[in-house]
Amino acid sequence: MGQADRPVNPYRIGEAAAMLGVSADTVRRWVDAGRLVAERDEHGHRIVAGAELAAFARELAKPENAEAEGRPSSARNRFPGIVTNVVLGDVAAQVEIQAGPFRVVSLISRESAEELNLVPGAAATAVIKSTNVVVERS
């Protein structure tokens, strides 16, 4: 494959896996099954064009497809995780959740944090819609 034939914004399998939140083996299986198109670069590494990866990510993120993959998901972007820190103020609470590789921090009312019993070690889900992060007790 010459430089002119190389996909725009190419991603190696490991990079594509990181973008999609899955293992490199999962991406390899998708490529082998024909679900995701990959080509070989000049070194023999499989690469995925950025536009192809973006389209696949959009398709994968659809609720019906996420359920088929065995991962809970919704249009509101739910991140199940564990509470790692809570800072209580007089009126507000800062809640930190580790959801896989993602650290999500949300400001909610102190009353809500107390009602949900959000303490380090509690299972919780960050629900992200636009720029608003909602915390739910899992």
# chains A, B, ... in the order shown; residues from 1 in each chain; ligands from 1

call {"tool": "residues_around", "arguments": {"residues": "Asn9 in chain A", "least_positions_apart": "5", "cutoff": "10 Å", "atoms": "only C-alpha atoms", "output": "PyMOL selection string"}}
result
chain A and resi 47-53

call {"tool": "residues_around", "arguments": {"residues": "His45 in chain A", "least_positions_apart": "6", "cutoff": "10 Å", "atoms": "only C-alpha atoms", "output": "JSON, numbers by chain"}}
result
{"A": [12, 13, 38, 39]}

call {"tool": "write_last_selection", "arguments": {"atoms": "N, CA and C atoms", "output": "compact mmCIF listing (two decimals), in the first residue's frame"}}
result
# COMPACT_ATOMS: atom_id res chain seq x y z
N ARG A 12 -4.32 1.74 14.39
CA ARG A 12 -3.93 0.35 14.54
C ARG A 12 -4.98 -0.34 15.40
N ILE A 13 -4.97 -1.65 15.39
CA ILE A 13 -6.00 -2.44 16.09
C ILE A 13 -6.08 -2.05 17.57
N ALA A 38 -10.54 -3.51 7.78
CA ALA A 38 -9.16 -3.15 8.09
C ALA A 38 -8.29 -3.53 6.90
N GLU A 39 -7.21 -2.79 6.74
CA GLU A 39 -6.23 -3.07 5.70
C GLU A 39 -4.88 -3.27 6.37

call {"tool": "residues_around", "arguments": {"residues": "range 107-124 of chain A", "least_positions_apart": "2", "cutoff": "8 Å", "atoms": "only C-alpha atoms", "output": "list in words"}}
result
Pro80, Gly81, Ile82, Val83, Thr84, Asn85, Val86, Leu88, Gly89, Asp90, Val91, Ala92, Ala93, Gln94, Val95, Ile97, Val105, Ala126, Val134, Val135, Glu136, Arg137 and Ser138 of chain A

call {"tool": "select_by_dssp", "arguments": {"residues": "range 12-135 of chain A", "states": "strand (DSSP E or B)", "output": "PyMOL selection string"}}
result
chain A and resi 12+39-40+46-48+78-88+92-99+102-109+123-129+132-135

call {"tool": "atom_distance", "arguments": {"atom1": "CA of Ala17 in chain A", "atom2": "CA of Val104 in chain A"}}
result
20.8 Å

call {"tool": "select_by_dssp", "arguments": {"residues": "chain A", "states": "alpha helix (DSSP H)", "output": "short mmCIF file (atom, residue, chain, number, x, y, z; two decimals) with N, CA, C and O atoms, in the first residue's frame"}}
result
data_model
loop_
_atom_site.label_atom_id
_atom_site.label_comp_id
_atom_site.auth_asym_id
_atom_site.auth_seq_id
_atom_site.Cartn_x
_atom_site.Cartn_y
_atom_site.Cartn_z
N ILE A 13 -4.97 -1.65 15.39
CA ILE A 13 -6.00 -2.44 16.09
C ILE A 13 -6.08 -2.05 17.57
O ILE A 13 -7.17 -1.85 18.10
N GLY A 14 -4.97 -1.91 18.23
CA GLY A 14 -4.97 -1.55 19.65
C GLY A 14 -5.55 -0.17 19.90
O GLY A 14 -6.26 0.06 20.87
N GLU A 15 -5.24 0.76 19.00
CA GLU A 15 -5.80 2.12 19.12
C GLU A 15 -7.31 2.11 18.89
O GLU A 15 -8.06 2.77 19.60
N ALA A 16 -7.74 1.34 17.88
CA ALA A 16 -9.18 1.23 17.61
C ALA A 16 -9.89 0.61 18.81
O ALA A 16 -10.97 1.07 19.20
N ALA A 17 -9.28 -0.39 19.40
CA ALA A 17 -9.87 -1.03 20.58
C ALA A 17 -10.03 -0.04 21.73
O ALA A 17 -11.08 0.00 22.38
N ALA A 18 -9.01 0.78 21.95
CA ALA A 18 -9.09 1.79 23.01
C ALA A 18 -10.21 2.78 22.74
O ALA A 18 -10.93 3.18 23.66
N MET A 19 -10.37 3.18 21.48
CA MET A 19 -11.43 4.12 21.11
C MET A 19 -12.82 3.53 21.35
O MET A 19 -13.74 4.23 21.73
N LEU A 20 -12.95 2.21 21.13
CA LEU A 20 -14.24 1.55 21.26
C LEU A 20 -14.49 0.99 22.65
O LEU A 20 -15.59 0.53 22.95
N ALA A 24 -8.27 -5.58 22.13
CA ALA A 24 -7.75 -5.70 20.76
C ALA A 24 -8.22 -7.01 20.13
O ALA A 24 -8.50 -7.06 18.93
N ASP A 25 -8.34 -8.06 20.94
CA ASP A 25 -8.83 -9.34 20.42
C ASP A 25 -10.26 -9.21 19.89
O ASP A 25 -10.60 -9.81 18.88
N THR A 26 -11.08 -8.43 20.57
CA THR A 26 -12.45 -8.22 20.10
C THR A 26 -12.45 -7.53 18.75
O THR A 26 -13.17 -7.93 17.82
N VAL A 27 -11.61 -6.50 18.59
CA VAL A 27 -11.53 -5.80 17.31
C VAL A 27 -11.03 -6.75 16.23
O VAL A 27 -11.56 -6.76 15.11
N ARG A 28 -10.04 -7.57 16.54
CA ARG A 28 -9.53 -8.54 15.56
C ARG A 28 -10.65 -9.50 15.12
O ARG A 28 -10.78 -9.82 13.93
N ARG A 29 -11.46 -9.97 16.08
CA ARG A 29 -12.57 -10.86 15.74
C ARG A 29 -13.58 -10.15 14.84
O ARG A 29 -14.10 -10.74 13.89
N TRP A 30 -13.88 -8.87 15.13
CA TRP A 30 -14.80 -8.10 14.28
C TRP A 30 -14.25 -7.96 12.87
O TRP A 30 -14.98 -8.06 11.89
N VAL A 31 -12.95 -7.71 12.76
CA VAL A 31 -12.32 -7.59 11.44
C VAL A 31 -12.38 -8.94 10.72
O VAL A 31 -12.77 -9.01 9.55
N ASP A 32 -12.02 -10.01 11.42
CA ASP A 32 -12.04 -11.35 10.81
C ASP A 32 -13.44 -11.75 10.37
O ASP A 32 -13.60 -12.45 9.37
N GLY A 50 -10.00 6.08 9.87
CA GLY A 50 -10.72 6.84 10.89
C GLY A 50 -12.20 6.96 10.60
O GLY A 50 -13.04 6.80 11.50
N ALA A 51 -12.57 7.23 9.35
CA ALA A 51 -13.98 7.36 8.99
C ALA A 51 -14.72 6.04 9.19
O ALA A 51 -15.85 6.01 9.66
N GLU A 52 -14.07 4.93 8.84
CA GLU A 52 -14.65 3.60 9.02
C GLU A 52 -14.86 3.32 10.52
O GLU A 52 -15.90 2.83 10.93
N LEU A 53 -13.87 3.66 11.32
CA LEU A 53 -13.97 3.44 12.77
C LEU A 53 -15.07 4.30 13.37
O LEU A 53 -15.84 3.83 14.22
N ALA A 54 -15.18 5.54 12.93
CA ALA A 54 -16.23 6.43 13.44
C ALA A 54 -17.61 5.89 13.11
O ALA A 54 -18.51 5.88 13.96
N ALA A 55 -17.81 5.43 11.88
CA ALA A 55 -19.10 4.88 11.48
C ALA A 55 -19.42 3.62 12.29
O ALA A 55 -20.56 3.43 12.74
N PHE A 56 -18.42 2.78 12.48
CA PHE A 56 -18.62 1.55 13.25
C PHE A 56 -18.95 1.88 14.71
O PHE A 56 -19.83 1.26 15.31
N ALA A 57 -18.28 2.88 15.28
CA ALA A 57 -18.54 3.28 16.67
C ALA A 57 -19.96 3.79 16.82
O ALA A 57 -20.64 3.48 17.81
N ARG A 58 -20.43 4.58 15.86
CA ARG A 58 -21.82 5.07 15.90
C ARG A 58 -22.80 3.90 15.86
O ARG A 58 -23.78 3.87 16.60
N GLU A 59 -22.55 2.95 14.98
CA GLU A 59 -23.43 1.79 14.86
C GLU A 59 -23.39 0.95 16.14
O GLU A 59 -24.42 0.51 16.63
N LEU A 60 -22.21 0.77 16.68
CA LEU A 60 -22.04 -0.03 17.90
C LEU A 60 -22.73 0.63 19.09
O LEU A 60 -23.22 -0.07 19.99
N ALA A 61 -22.81 1.95 19.10
CA ALA A 61 -23.37 2.68 20.24
C ALA A 61 -24.89 2.68 20.25
O ALA A 61 -25.50 3.07 21.24
N PRO A 63 -28.47 1.58 21.00
CA PRO A 63 -28.92 0.75 22.12
C PRO A 63 -29.14 -0.71 21.77
O PRO A 63 -28.72 -1.59 22.50
N GLU A 64 -29.74 -1.00 20.63
CA GLU A 64 -30.01 -2.40 20.28
C GLU A 64 -28.72 -3.17 20.02
O GLU A 64 -28.63 -4.35 20.30
N ASN A 65 -27.69 -2.51 19.50
CA ASN A 65 -26.41 -3.17 19.25
C ASN A 65 -25.61 -3.34 20.53
O ASN A 65 -24.93 -4.34 20.70
N ALA A 66 -25.66 -2.38 21.42
CA ALA A 66 -24.94 -2.49 22.68
C ALA A 66 -25.48 -3.65 23.50
O ALA A 66 -24.73 -4.41 24.11
N GLU A 67 -26.82 -3.83 23.49
CA GLU A 67 -27.41 -4.95 24.21
C GLU A 67 -26.98 -6.27 23.60
O GLU A 67 -26.72 -7.23 24.30
N ALA A 68 -26.86 -6.33 22.27
CA ALA A 68 -26.44 -7.55 21.60
C ALA A 68 -25.01 -7.91 21.97
O ALA A 68 -24.64 -9.07 21.98
N ARG A 110 -26.09 17.87 48.35
CA ARG A 110 -25.66 17.06 49.50
C ARG A 110 -26.78 16.10 49.89
O ARG A 110 -26.55 14.94 50.20
N GLU A 111 -28.03 16.61 49.84
CA GLU A 111 -29.18 15.80 50.20
C GLU A 111 -29.26 14.55 49.31
O GLU A 111 -29.50 13.44 49.79
N SER A 112 -29.06 14.72 48.01
CA SER A 112 -29.09 13.58 47.09
C SER A 112 -27.99 12.58 47.40
O SER A 112 -28.22 11.37 47.41
N ALA A 113 -26.79 13.07 47.64
CA ALA A 113 -25.67 12.19 47.96
C ALA A 113 -25.94 11.38 49.21
O ALA A 113 -25.64 10.18 49.28
N GLU A 114 -26.53 12.03 50.20
CA GLU A 114 -26.84 11.33 51.46
C GLU A 114 -27.97 10.33 51.27
O GLU A 114 -27.91 9.21 51.78
N GLU A 115 -29.03 10.72 50.51
CA GLU A 115 -30.14 9.81 50.26
C GLU A 115 -29.70 8.57 49.50
O GLU A 115 -30.19 7.47 49.75
#

call {"tool": "atom_distance", "arguments": {"atom1": "CA of Arg78 in chain A", "atom2": "CA of Val22 in chain A"}}
result
16.1 Å

call {"tool": "closest_residue", "arguments": {"among": "A:Gly100, A:Ser106, A:Pro10, A:Arg40", "to": "Val87 in chain A", "atoms": "only C-alpha atoms"}}
result
A:Ser106

call {"tool": "atom_distance", "arguments": {"atom1": "CA of Lys129 in chain A", "atom2": "CA of Gln98 in chain A"}}
result
17.7 Å

call {"tool": "closest_residue", "arguments": {"among": "A:Gly21, A:Thr125, A:Asn77, A:Val37", "to": "Ala99 in chain A", "atoms": "only C-alpha atoms"}}
result
A:Thr125
